[in-house]
Amino acid sequence: MKNTTIKDVASHAGLSITTVSRYINNNYPVSAAAREKIEEAIQTLGYKPNLAARSLKSNNSGMIGLVVADIANRFFMKIAKGLEEVVWEHGYQTIFASSDGEAEKERRILSMFEERRVDALVIASSDTKPDYLNAFAQDGTPVVAIDRWVEGLHADAVLEDNRKAAYQLLNFLLERGHRDIAFQNVNMRLTTGRERFEGALQAMREHNMEPAAEWISPGGFTREDAVAWARTVFADDAKYPTAVFCANNMMTEGTLIVLKDIGLAVPEDVSLVSFGEVTMRELIEPPIVSVRQNPYELGNAAGKIILRRLQGDSSPYKQERYPVEIVEGRSVKKLKL
């Protein structure tokens with residue numbers, strides 16, 4: 001069967017090949033009327049552009065890479081959605097990849113993205129060193145760090161105010177009389193983990209308190225990590241904390257699994273707060289006091305930065321930090337002071 005060509009599309013639409021080419025390559029404006037005719041012709045004829053040839057000719061692949069720790073995590077899924085909705089409107093497709101929180105896997109993904117000649121990169125990096133990312137950007141490929149920062153990185157960033165939100169969340173417990181608090185930390189190698197713990201620790205120290213060493217987790221990445229650590233805190237012979245500060249949604253879900261398994265009720269036996277909302281929050285009883293994040297907004301903001309950079313914006317790199325809010329629930333029991 002003969003492959004449909006751009007010439008066939010132009011003939012069917014009654015337009016010039018130049019106009020059709022401008023629409024397909026998204027490099028010059030095309031009128032709404034012409035766009036409608038071209039789209040109808042493409043649909044009718046089943047035309048599929050040769051993306052590889054187009055990439056070589058224009059030095060533009062039309063692809064933006066997104067690397068996150070775990071694309072199955074609802075937080076990262078919403079980042080992907082926010083990013084895609086911005087760049088899609090400008091003719092870019094998004095390639096998603098999960099590093100599984102492993103720096104070495106992330107580096108292999110970056111190499112693959114280089115081979116595919118992505119036009120830009122948005123990344124929630126699991127690497128503590130900026131070398132690979134800085135090398136990736138050296139040829140002029142725009143890079144935006146999202147959710148977490150890597151010290152020494154030469155790139156824009158879209159982040160949350162982790163310290164302030166964690167400080168407020170811990171104060172929520174302190175104001176309700178809790179003093180014996182466990183910290184179910186997220187990966188402490190990453191800025192998100194460190195900033196959240198530092199914010200919570202600041203709140204305690206302002207009340208002249210220090211957390212018990214055995215109640216500070218080294219920081220995990222998966223729900224399984226959270227389960228394993230929570231089992232040590234709530235072992236049969238242990239003194240239980242009255243509350244648990246969970247530094248992300250996966251740590252919260254792992255803690256809830258253990259509490260249910262050993263028969264401890266929230267908040268009657270143990271109070272719990274979460275940095276990040278758990279999946280299907282409306283089905284969890286009682287509703288968890290949590291920090292409501294805005295991953296869709298983060299993805300949207302990253303997409304807008306990428307588009308500006310691709311359009312030639314050469315202004316200095318900057319970090320954008322977005323506020324988050326506390327959503328009250330019924331997962332915290334008020335104790336007598």
# chains A, B, ... in the order shown; residues from 1 in each chain; ligands from 1
call {"tool": "residues_around", "arguments": {"residues": "A:Ile38", "least_positions_apart": "2", "cutoff": "9 Å", "atoms": "only C-alpha atoms", "output": "MDAnalysis selection string"}}
result
chainID A and resid 9:10 12:15 20 23 33:36 40:43
call {"tool": "residues_around", "arguments": {"residues": "stretch 258-272 of chain A", "least_positions_apart": "2", "cutoff": "7 Å", "atoms": "only C-alpha atoms", "output": "list in words"}}
result
Val227, Ala230, Arg231, Thr242, Ala243, Val244, Phe245, Gly254, Thr255, Leu256, Ser274, Ser331, Val332 and Lys333 of chain A
call {"tool": "write_last_selection", "arguments": {"atoms": "all heavy atoms", "output": "short mmCIF file (atom, residue, chain, number, x, y, z; two decimals), in the first residue's frame"}}
result
data_model
loop_
_atom_site.label_atom_id
_atom_site.label_comp_id
_atom_site.auth_asym_id
_atom_site.auth_seq_id
_atom_site.Cartn_x
_atom_site.Cartn_y
_atom_site.Cartn_z
N VAL A 227 6.67 0.37 55.95
CA VAL A 227 6.13 -0.75 56.72
C VAL A 227 7.22 -1.34 57.62
O VAL A 227 7.01 -1.59 58.82
CB VAL A 227 5.56 -1.83 55.78
CG1 VAL A 227 5.30 -3.14 56.55
CG2 VAL A 227 4.28 -1.35 55.12
N ALA A 230 8.05 1.08 60.55
CA ALA A 230 6.93 1.21 61.49
C ALA A 230 6.82 -0.03 62.37
O ALA A 230 6.44 0.07 63.55
CB ALA A 230 5.63 1.46 60.73
N ARG A 231 7.14 -1.19 61.85
CA ARG A 231 7.07 -2.41 62.65
C ARG A 231 8.07 -2.37 63.80
O ARG A 231 7.84 -2.94 64.88
CB ARG A 231 7.30 -3.65 61.78
CG ARG A 231 6.15 -3.94 60.83
CD ARG A 231 6.17 -5.38 60.34
NE ARG A 231 5.17 -5.59 59.30
CZ ARG A 231 3.87 -5.72 59.52
NH1 ARG A 231 3.40 -5.67 60.75
NH2 ARG A 231 3.04 -5.91 58.51
N THR A 242 2.92 8.75 70.69
CA THR A 242 1.48 9.09 70.62
C THR A 242 1.09 9.56 69.23
O THR A 242 -0.10 9.61 68.90
CB THR A 242 1.12 10.20 71.62
OG1 THR A 242 1.79 11.41 71.25
CG2 THR A 242 1.51 9.81 73.04
N ALA A 243 2.09 9.92 68.40
CA ALA A 243 1.79 10.43 67.06
C ALA A 243 2.94 10.11 66.11
O ALA A 243 4.09 9.92 66.53
CB ALA A 243 1.54 11.93 67.11
N VAL A 244 2.61 10.06 64.82
CA VAL A 244 3.62 9.84 63.78
C VAL A 244 3.51 10.95 62.74
O VAL A 244 2.41 11.23 62.23
CB VAL A 244 3.44 8.47 63.08
CG1 VAL A 244 4.56 8.24 62.07
CG2 VAL A 244 3.41 7.34 64.10
N PHE A 245 4.66 11.55 62.43
CA PHE A 245 4.77 12.53 61.35
C PHE A 245 5.28 11.77 60.13
O PHE A 245 6.40 11.24 60.14
CB PHE A 245 5.74 13.64 61.75
CG PHE A 245 6.14 14.57 60.63
CD1 PHE A 245 5.44 15.75 60.41
CD2 PHE A 245 7.20 14.27 59.79
CE1 PHE A 245 5.80 16.62 59.38
CE2 PHE A 245 7.58 15.13 58.77
CZ PHE A 245 6.86 16.30 58.56
N GLY A 254 2.28 3.21 54.29
CA GLY A 254 2.98 2.12 54.96
C GLY A 254 2.71 2.09 56.44
O GLY A 254 2.51 1.02 57.05
N THR A 255 2.67 3.26 57.08
CA THR A 255 2.39 3.35 58.51
C THR A 255 0.97 2.89 58.82
O THR A 255 0.74 2.15 59.79
CB THR A 255 2.61 4.79 59.01
OG1 THR A 255 3.94 5.21 58.70
CG2 THR A 255 2.39 4.89 60.51
N LEU A 256 0.02 3.29 58.00
CA LEU A 256 -1.37 2.88 58.21
C LEU A 256 -1.52 1.37 58.10
O LEU A 256 -2.30 0.75 58.85
CB LEU A 256 -2.27 3.57 57.19
CG LEU A 256 -2.54 5.07 57.41
CD1 LEU A 256 -3.26 5.66 56.21
CD2 LEU A 256 -3.35 5.29 58.68
N SER A 274 0.27 13.70 57.72
CA SER A 274 0.92 13.29 56.47
C SER A 274 1.31 14.49 55.61
O SER A 274 0.48 15.37 55.36
CB SER A 274 -0.02 12.39 55.67
OG SER A 274 0.50 12.10 54.38
N SER A 331 -7.55 12.72 62.26
CA SER A 331 -6.54 11.70 62.57
C SER A 331 -5.64 12.08 63.75
O SER A 331 -4.69 11.37 64.04
CB SER A 331 -5.66 11.45 61.34
OG SER A 331 -4.95 12.62 60.98
N VAL A 332 -5.96 13.20 64.42
CA VAL A 332 -5.16 13.65 65.55
C VAL A 332 -6.03 13.78 66.79
O VAL A 332 -7.02 14.51 66.79
CB VAL A 332 -4.45 15.00 65.25
CG1 VAL A 332 -3.69 15.49 66.48
CG2 VAL A 332 -3.49 14.84 64.06
N LYS A 333 -5.64 13.07 67.83
CA LYS A 333 -6.35 13.12 69.11
C LYS A 333 -5.76 14.24 69.97
O LYS A 333 -4.56 14.43 70.05
CB LYS A 333 -6.19 11.79 69.84
CG LYS A 333 -6.89 11.70 71.17
CD LYS A 333 -6.67 10.30 71.79
CE LYS A 333 -7.36 10.18 73.13
NZ LYS A 333 -7.14 8.82 73.72
#
call {"tool": "residues_around", "arguments": {"residues": "A:Ala166", "least_positions_apart": "3", "cutoff": "8 Å", "atoms": "only C-alpha atoms", "output": "ChimeraX atom specification"}}
result
/A:162-163,169-170,196-197,199-200,275
call {"tool": "select_by_dssp", "arguments": {"residues": "stretch 84-134 of chain A", "states": "helix (DSSP H, G or I)", "output": "ChimeraX atom specification"}}
result
/A:84-88,103-116,131-134
call {"tool": "select_by_dssp", "arguments": {"residues": "stretch 221-283 of chain A", "states": "strand (DSSP E)", "output": "count of residues only"}}
result
9
call {"tool": "residues_around", "arguments": {"residues": "stretch 301-305 of chain A", "least_positions_apart": "6", "cutoff": "6 Å", "atoms": "only C-alpha atoms", "output": "CSV table (one decimal) with C-alpha atoms, in the first residue's frame"}}
result
chain,number,residue,atom,x,y,z
A,83,LEU,CA,3.3,19.2,32.2
A,86,VAL,CA,0.9,22.7,28.7
A,87,VAL,CA,3.4,21.3,26.1
call {"tool": "residues_around", "arguments": {"residues": "A:Met250", "least_positions_apart": "2", "cutoff": "9 Å", "atoms": "only C-alpha atoms", "output": "VMD selection string"}}
result
chain A and resid 73 186 221 to 224 226 246 to 248 252 to 255 276 278
call {"tool": "closest_residue", "arguments": {"among": "A:Gln293, A:Ile24, A:Arg107, A:Asp161", "to": "A:Gly91", "atoms": "only C-alpha atoms"}}
result
A:Ile24
call {"tool": "closest_residue", "arguments": {"among": "A:Gly177, A:Pro29, A:Gly312, A:Gly219", "to": "A:Thr192", "atoms": "only C-alpha atoms"}}
result
A:Gly219
call {"tool": "atom_distance", "arguments": {"atom1": "atom CA of A:Phe96", "atom2": "atom CA of A:Glu115"}}
result
15.0 Å
call {"tool": "closest_residue", "arguments": {"among": "A:Ala135, A:Leu45, A:Met209, A:Val144", "to": "A:Leu66", "atoms": "only C-alpha atoms"}}
result
A:Val144
call {"tool": "decode", "arguments": {"residues": "stretch 192-221 of chain A", "atoms": "N, CA and C atoms", "output": "tab-separated table (two decimals), in the first residue's frame"}}
result
chain	number	residue	atom	x	y	z
A	192	THR	N	14.01	17.19	49.45
A	192	THR	CA	12.65	17.12	50.00
A	192	THR	C	12.65	16.46	51.37
A	193	GLY	N	13.36	15.36	51.49
A	193	GLY	CA	13.42	14.65	52.77
A	193	GLY	C	14.07	15.49	53.86
A	194	ARG	N	15.21	16.10	53.53
A	194	ARG	CA	15.93	16.90	54.53
A	194	ARG	C	15.12	18.13	54.94
A	195	GLU	N	14.55	18.83	53.96
A	195	GLU	CA	13.81	20.06	54.27
A	195	GLU	C	12.59	19.78	55.14
A	196	ARG	N	11.89	18.69	54.86
A	196	ARG	CA	10.69	18.37	55.66
A	196	ARG	C	11.06	18.01	57.09
A	197	PHE	N	12.12	17.22	57.24
A	197	PHE	CA	12.55	16.87	58.60
A	197	PHE	C	13.05	18.10	59.34
A	198	GLU	N	13.80	18.96	58.65
A	198	GLU	CA	14.33	20.17	59.29
A	198	GLU	C	13.21	21.11	59.73
A	199	GLY	N	12.15	21.22	58.91
A	199	GLY	CA	11.02	22.07	59.28
A	199	GLY	C	10.30	21.54	60.51
A	200	ALA	N	10.09	20.21	60.55
A	200	ALA	CA	9.43	19.60	61.69
A	200	ALA	C	10.29	19.71	62.95
A	201	LEU	N	11.60	19.50	62.78
A	201	LEU	CA	12.53	19.57	63.91
A	201	LEU	C	12.57	20.99	64.48
A	202	GLN	N	12.50	21.99	63.61
A	202	GLN	CA	12.48	23.38	64.08
A	202	GLN	C	11.29	23.64	65.00
A	203	ALA	N	10.12	23.09	64.61
A	203	ALA	CA	8.93	23.28	65.45
A	203	ALA	C	9.13	22.67	66.83
A	204	MET	N	9.72	21.47	66.88
A	204	MET	CA	9.96	20.84	68.18
A	204	MET	C	10.93	21.64	69.01
A	205	ARG	N	12.01	22.11	68.40
A	205	ARG	CA	13.05	22.82	69.15
A	205	ARG	C	12.56	24.16	69.68
A	206	GLU	N	11.60	24.76	68.97
A	206	GLU	CA	11.03	26.00	69.48
A	206	GLU	C	10.20	25.75	70.74
A	207	HIS	N	9.84	24.47	70.97
A	207	HIS	CA	9.16	24.08	72.20
A	207	HIS	C	10.12	23.40	73.17
A	208	ASN	N	11.43	23.62	72.92
A	208	ASN	CA	12.49	23.07	73.78
A	208	ASN	C	12.42	21.55	73.88
A	209	MET	N	12.18	20.90	72.73
A	209	MET	CA	12.09	19.44	72.70
A	209	MET	C	13.00	18.88	71.62
A	210	GLU	N	13.42	17.64	71.83
A	210	GLU	CA	14.18	16.88	70.83
A	210	GLU	C	13.48	15.54	70.66
A	211	PRO	N	13.36	15.05	69.43
A	211	PRO	CA	12.73	13.74	69.24
A	211	PRO	C	13.64	12.62	69.72
A	212	ALA	N	13.03	11.53	70.16
A	212	ALA	CA	13.81	10.36	70.56
A	212	ALA	C	14.50	9.77	69.33
A	213	ALA	N	15.78	9.43	69.48
A	213	ALA	CA	16.57	8.93	68.34
A	213	ALA	C	15.94	7.70	67.71
A	214	GLU	N	15.38	6.81	68.57
A	214	GLU	CA	14.79	5.57	68.04
A	214	GLU	C	13.50	5.81	67.27
A	215	TRP	N	12.98	7.03	67.35
A	215	TRP	CA	11.74	7.36	66.64
A	215	TRP	C	12.00	8.23	65.40
A	216	ILE	N	13.25	8.26	64.95
A	216	ILE	CA	13.59	8.99	63.72
A	216	ILE	C	14.04	7.98	62.68
A	217	SER	N	13.26	7.80	61.64
A	217	SER	CA	13.63	6.82	60.63
A	217	SER	C	14.76	7.37	59.76
A	218	PRO	N	15.58	6.49	59.18
A	218	PRO	CA	16.66	6.95	58.30
A	218	PRO	C	16.14	7.49	56.98
A	219	GLY	N	14.86	7.26	56.72
A	219	GLY	CA	14.26	7.74	55.47
A	219	GLY	C	14.11	6.62	54.47
A	220	GLY	N	12.92	6.50	53.92
A	220	GLY	CA	12.65	5.45	52.95
A	220	GLY	C	12.17	6.02	51.63
A	221	PHE	N	11.93	5.12	50.69
A	221	PHE	CA	11.45	5.53	49.37
A	221	PHE	C	10.11	4.88	49.04
